[in-house]
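Everything on this sheet refers to the single structure shown next.
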Amino acid sequence: MEKRRARRHARRLKVRYGEKGKGFTSTGLTNDVSATGLFVLANTSPRPGTRVHLEVTLPGEVLVFMEAVVARQVVVPPELRQVVKSGFGVRYLLGPEVMAELVPQLREAPKKDDPFTLVFEDVVSWKQAWEKEFSRGGGFVWSPKAVAANSTVMLTFDLRFLGRELAFEARVVHVMPGADGRFGVAMMFTDAGAATAALSATLH
């Protein structure tokens with residue numbers, strides 16, 4: 001699995017959390033935080049792909065609210081919790097993802113020359129694409145322009161049948177020229193666990 005790029009910082013902060021639409025039903029403590037997500041120490045944890053709301057209490061009783069998707073889950077038997085901590089890691093939802101749901105009409109139409117915006121009109125075509133490549137932690141597109149290897153791109157999934165857009169950072173791992181003048185670009189998600197968890201949740 002691709003190593004996480006976002007630097008993690010050890011922080012112990014109180015957290016209240018719950019699934020979307022159900023309020024804050026559980027409590028826990030952060031174990032570490034980064035620019036893309038955080039890990040919550042808790043006895044109960046939502047399954048990967050679950051949309052959650054979090055309330056984090058900062059020093060001085062300052063409250064920070066955020067929306068996220070569960071990227072991984074650590075389940076530990078009660079008899080081992082003194083040795084191994086249970087909990088779950090989340091990926092923060094990006095602004096474009098939230099806005100695509102709040103105001104669908106503001107969503108910009110994908111540019112015809114933007115190979116990194118992938119449009120799926122129906123669940124059948126999306127499921128086929130998911131099983132063929134994206135479930136493996138990355139993807140492949142044809143670009144009209146050359147892209148530098150090891151560069152970072154934003155891969156956007158426009159799921160028209162759900163009225164949602166999901167965007168994830170990806171690293172270019174290989175580029176090959178095609179016979180038609182285009183360039184084949186192979187990418188891996190920067191945070192493969194978070195990306196695949198969020199994308200797989202759209203199939204349920």
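Letters for chains follow the order of the structure tokens (A, B, ...), residue numbers begin at 1 for each chain, and ligand numbers begin at 1 in the order shown.
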
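Every protein, DNA or RNA residue with an atom at most 10 Å from A:Phe140, where only C-alpha atoms count and chain neighbours fewer than 3 positions away do not, is listed here: Pro115, Phe116, Glu133, Phe134, Ser143, Val172, His174, Val175, Gly184, Val185, Ala186, Met187 and Met188 of chain A.
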
Saved selection, atoms kept: N, CA and C atoms, as a compact mmCIF listing (two decimals), in the first residue's frame:
```
# COMPACT_ATOMS: atom_id res chain seq x y z
N PRO A 115 -8.55 15.18 -18.79
CA PRO A 115 -8.60 13.72 -18.68
C PRO A 115 -8.72 13.22 -17.25
N PHE A 116 -8.55 14.13 -16.28
CA PHE A 116 -8.56 13.71 -14.88
C PHE A 116 -9.93 13.90 -14.22
N GLU A 133 -10.26 -1.34 -12.20
CA GLU A 133 -9.02 -0.66 -11.83
C GLU A 133 -9.03 0.12 -10.53
N PHE A 134 -10.06 0.92 -10.26
CA PHE A 134 -9.98 1.84 -9.13
C PHE A 134 -9.98 1.14 -7.78
N SER A 143 -4.18 11.19 -21.60
CA SER A 143 -4.08 12.64 -21.54
C SER A 143 -3.58 13.21 -22.87
N VAL A 172 1.42 10.36 -10.08
CA VAL A 172 1.69 9.75 -11.38
C VAL A 172 2.86 8.79 -11.24
N HIS A 174 3.55 6.30 -13.79
CA HIS A 174 4.09 5.88 -15.08
C HIS A 174 3.39 6.65 -16.20
N VAL A 175 4.15 7.05 -17.21
CA VAL A 175 3.60 7.74 -18.38
C VAL A 175 4.16 7.08 -19.63
N GLY A 184 -0.55 7.88 -22.05
CA GLY A 184 -1.20 7.06 -21.04
C GLY A 184 -0.61 7.37 -19.67
N VAL A 185 -1.47 7.69 -18.71
CA VAL A 185 -1.01 8.10 -17.38
C VAL A 185 -1.55 7.11 -16.33
N ALA A 186 -0.63 6.43 -15.65
CA ALA A 186 -1.00 5.52 -14.57
C ALA A 186 -0.77 6.23 -13.24
N MET A 187 -1.75 6.14 -12.35
CA MET A 187 -1.69 6.87 -11.08
C MET A 187 -2.04 5.96 -9.90
N MET A 188 -1.53 6.32 -8.75
CA MET A 188 -1.92 5.68 -7.49
C MET A 188 -2.41 6.77 -6.54
```

- Task: Using DSSP on the backbone coordinates, identify all residues within stretch 16-198 of chain A classified as alpha helix (DSSP H); present the result as a ChimeraX atom specification.
- Result: /A:95-102,123-132,192-198

- List every residue of stretch 11-203 of chain A that DSSP, applied to the backbone of this structure, assigns to strand (DSSP E), and report them as a ChimeraX atom specification. /A:14-19,26-33,37-41,51-58,62-74,87-92,117-120,138-143,152-159,164-177,183-189

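What separates atom CA of A:Glu165 from atom CA of A:Arg8 is a distance of 26.7 Å.
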
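Checking A:Val40, A:Val141, A:Leu93, A:Leu199 one by one against A:Asp114, counting only C-alpha atoms, you find the shortest gap at A:Val141.
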
- Message: Which residues are close to A:Phe168, i.e. within 12 Å by only C-alpha atoms, leaving aside same-chain residues fewer than 6 positions away? Reply as a PyMOL selection string.
- Response: chain A and resi 36+91-97+116-118+134+137-139+152-158+187-199

Generate the output file for the selected residues, N, CA and C atoms, as a short mmCIF file (atom, residue, chain, number, x, y, z; two decimals), in the first residue's frame.
```cif
data_model
loop_
_atom_site.label_atom_id
_atom_site.label_comp_id
_atom_site.auth_asym_id
_atom_site.auth_seq_id
_atom_site.Cartn_x
_atom_site.Cartn_y
_atom_site.Cartn_z
N THR A 36 -4.91 15.63 6.17
CA THR A 36 -5.94 14.94 5.39
C THR A 36 -6.91 14.11 6.22
N ARG A 91 -10.95 10.29 6.68
CA ARG A 91 -10.46 11.26 5.70
C ARG A 91 -11.44 12.42 5.68
N TYR A 92 -10.93 13.65 5.84
CA TYR A 92 -11.80 14.82 5.78
C TYR A 92 -12.43 14.93 4.39
N LEU A 93 -13.70 15.32 4.35
CA LEU A 93 -14.34 15.57 3.06
C LEU A 93 -13.82 16.88 2.50
N LEU A 94 -13.53 16.90 1.21
CA LEU A 94 -13.04 18.11 0.56
C LEU A 94 -14.19 19.06 0.25
N GLY A 95 -13.86 20.34 0.14
CA GLY A 95 -14.87 21.35 -0.16
C GLY A 95 -15.68 21.05 -1.41
N PRO A 96 -15.03 20.69 -2.53
CA PRO A 96 -15.80 20.38 -3.75
C PRO A 96 -16.78 19.24 -3.58
N GLU A 97 -16.43 18.24 -2.74
CA GLU A 97 -17.33 17.11 -2.51
C GLU A 97 -18.60 17.58 -1.81
N PHE A 116 -8.55 14.13 -16.28
CA PHE A 116 -8.56 13.71 -14.88
C PHE A 116 -9.93 13.90 -14.22
N THR A 117 -10.94 14.27 -15.01
CA THR A 117 -12.32 14.29 -14.54
C THR A 117 -13.06 13.17 -15.26
N LEU A 118 -13.46 12.16 -14.53
CA LEU A 118 -14.09 10.98 -15.10
C LEU A 118 -15.59 11.01 -14.81
N PHE A 134 -10.06 0.92 -10.26
CA PHE A 134 -9.98 1.84 -9.13
C PHE A 134 -9.98 1.14 -7.78
N GLY A 137 -6.58 0.78 -5.95
CA GLY A 137 -5.85 1.89 -5.35
C GLY A 137 -5.30 2.91 -6.32
N GLY A 138 -5.74 2.85 -7.57
CA GLY A 138 -5.26 3.81 -8.55
C GLY A 138 -6.07 3.73 -9.83
N GLY A 139 -5.55 4.33 -10.89
CA GLY A 139 -6.29 4.32 -12.14
C GLY A 139 -5.41 4.69 -13.32
N THR A 152 1.89 15.27 -8.89
CA THR A 152 0.62 15.05 -8.20
C THR A 152 -0.52 15.66 -9.00
N VAL A 153 -1.59 14.91 -9.16
CA VAL A 153 -2.78 15.38 -9.88
C VAL A 153 -4.01 15.17 -9.00
N MET A 154 -5.09 15.84 -9.36
CA MET A 154 -6.36 15.65 -8.66
C MET A 154 -7.29 14.86 -9.58
N LEU A 155 -7.63 13.65 -9.17
CA LEU A 155 -8.50 12.79 -9.96
C LEU A 155 -9.92 12.93 -9.44
N THR A 156 -10.82 13.41 -10.32
CA THR A 156 -12.20 13.69 -9.92
C THR A 156 -13.16 12.67 -10.54
N PHE A 157 -14.07 12.16 -9.72
CA PHE A 157 -15.09 11.22 -10.17
C PHE A 157 -16.44 11.92 -10.14
N ASP A 158 -17.00 12.14 -11.29
CA ASP A 158 -18.31 12.79 -11.41
C ASP A 158 -19.35 11.68 -11.56
N MET A 187 -1.75 6.14 -12.35
CA MET A 187 -1.69 6.87 -11.08
C MET A 187 -2.04 5.96 -9.90
N MET A 188 -1.53 6.32 -8.75
CA MET A 188 -1.92 5.68 -7.49
C MET A 188 -2.41 6.77 -6.54
N PHE A 189 -3.53 6.51 -5.84
CA PHE A 189 -4.04 7.48 -4.88
C PHE A 189 -2.99 7.74 -3.81
N THR A 190 -2.84 8.99 -3.42
CA THR A 190 -1.90 9.35 -2.37
C THR A 190 -2.24 8.64 -1.06
N ASP A 191 -3.53 8.62 -0.74
CA ASP A 191 -4.02 7.87 0.43
C ASP A 191 -4.98 6.82 -0.11
N ALA A 192 -4.43 5.67 -0.51
CA ALA A 192 -5.22 4.64 -1.17
C ALA A 192 -6.35 4.12 -0.29
N GLY A 193 -6.08 3.97 1.00
CA GLY A 193 -7.12 3.44 1.91
C GLY A 193 -8.33 4.35 1.98
N ALA A 194 -8.08 5.65 2.13
CA ALA A 194 -9.18 6.60 2.24
C ALA A 194 -9.95 6.70 0.93
N ALA A 195 -9.23 6.74 -0.19
CA ALA A 195 -9.88 6.89 -1.48
C ALA A 195 -10.74 5.68 -1.83
N THR A 196 -10.21 4.49 -1.66
CA THR A 196 -10.98 3.30 -2.00
C THR A 196 -12.17 3.10 -1.06
N ALA A 197 -12.02 3.49 0.20
CA ALA A 197 -13.14 3.37 1.14
C ALA A 197 -14.29 4.30 0.73
N ALA A 198 -13.94 5.54 0.35
CA ALA A 198 -14.97 6.51 -0.04
C ALA A 198 -15.64 6.10 -1.34
N LEU A 199 -14.84 5.61 -2.29
CA LEU A 199 -15.41 5.22 -3.59
C LEU A 199 -16.25 3.94 -3.48
#
```

- Residue nearest A:Val70 among A:Glu55, A:Glu19, A:Asp180, A:Asp122 (counting only C-alpha atoms):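 Using only C-alpha atoms, A:Val70 sits closest to A:Glu19.
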
- Task: Using only C-alpha atoms, find the one residue out of A:Val52, A:Leu58, A:Ala149, A:Val69 that sits nearest to A:Arg12.
- Result: A:Leu58

- Query: Near stretch 61-65 of chain A, within 10 Å and counting only C-alpha atoms, which residues show up once chain neighbours fewer than 2 positions away are dropped, as a PyMOL selection string?
  - Reply: chain A and resi 14-17+53-59+67

Take the residues from that selection and put them in a file with C-alpha atoms, as a PDB file, in the first residue's frame.
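To be explicit, this is the file written out as result_18.pdb:
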```pdb
ATOM      1  CA  LYS A  14     -11.763  14.807  22.940  1.00  0.00           C
ATOM      2  CA  VAL A  15     -14.029  13.811  20.048  1.00  0.00           C
ATOM      3  CA  ARG A  16     -17.751  13.291  19.737  1.00  0.00           C
ATOM      4  CA  TYR A  17     -18.871  11.555  16.572  1.00  0.00           C
ATOM      5  CA  HIS A  53     -19.736  14.021  11.650  1.00  0.00           C
ATOM      6  CA  LEU A  54     -17.111  14.888  14.261  1.00  0.00           C
ATOM      7  CA  GLU A  55     -16.876  17.480  17.022  1.00  0.00           C
ATOM      8  CA  VAL A  56     -13.291  17.952  18.226  1.00  0.00           C
ATOM      9  CA  THR A  57     -12.607  19.937  21.403  1.00  0.00           C
ATOM     10  CA  LEU A  58      -9.443  22.038  21.230  1.00  0.00           C
ATOM     11  CA  PRO A  59      -7.673  23.604  24.235  1.00  0.00           C
ATOM     12  CA  GLU A  67     -17.436  15.910   8.091  1.00  0.00           C
TER      13      GLU A  67
END
```

- Query: Given the choices A:Leu162, A:Met176, A:Ala167, A:Ala42, which gets closest to A:Trp142 if the distance is worked out from only C-alpha atoms?
  - Reply: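 Comparing A:Leu162, A:Met176, A:Ala167, A:Ala42 against A:Trp142, the winner is A:Met176.
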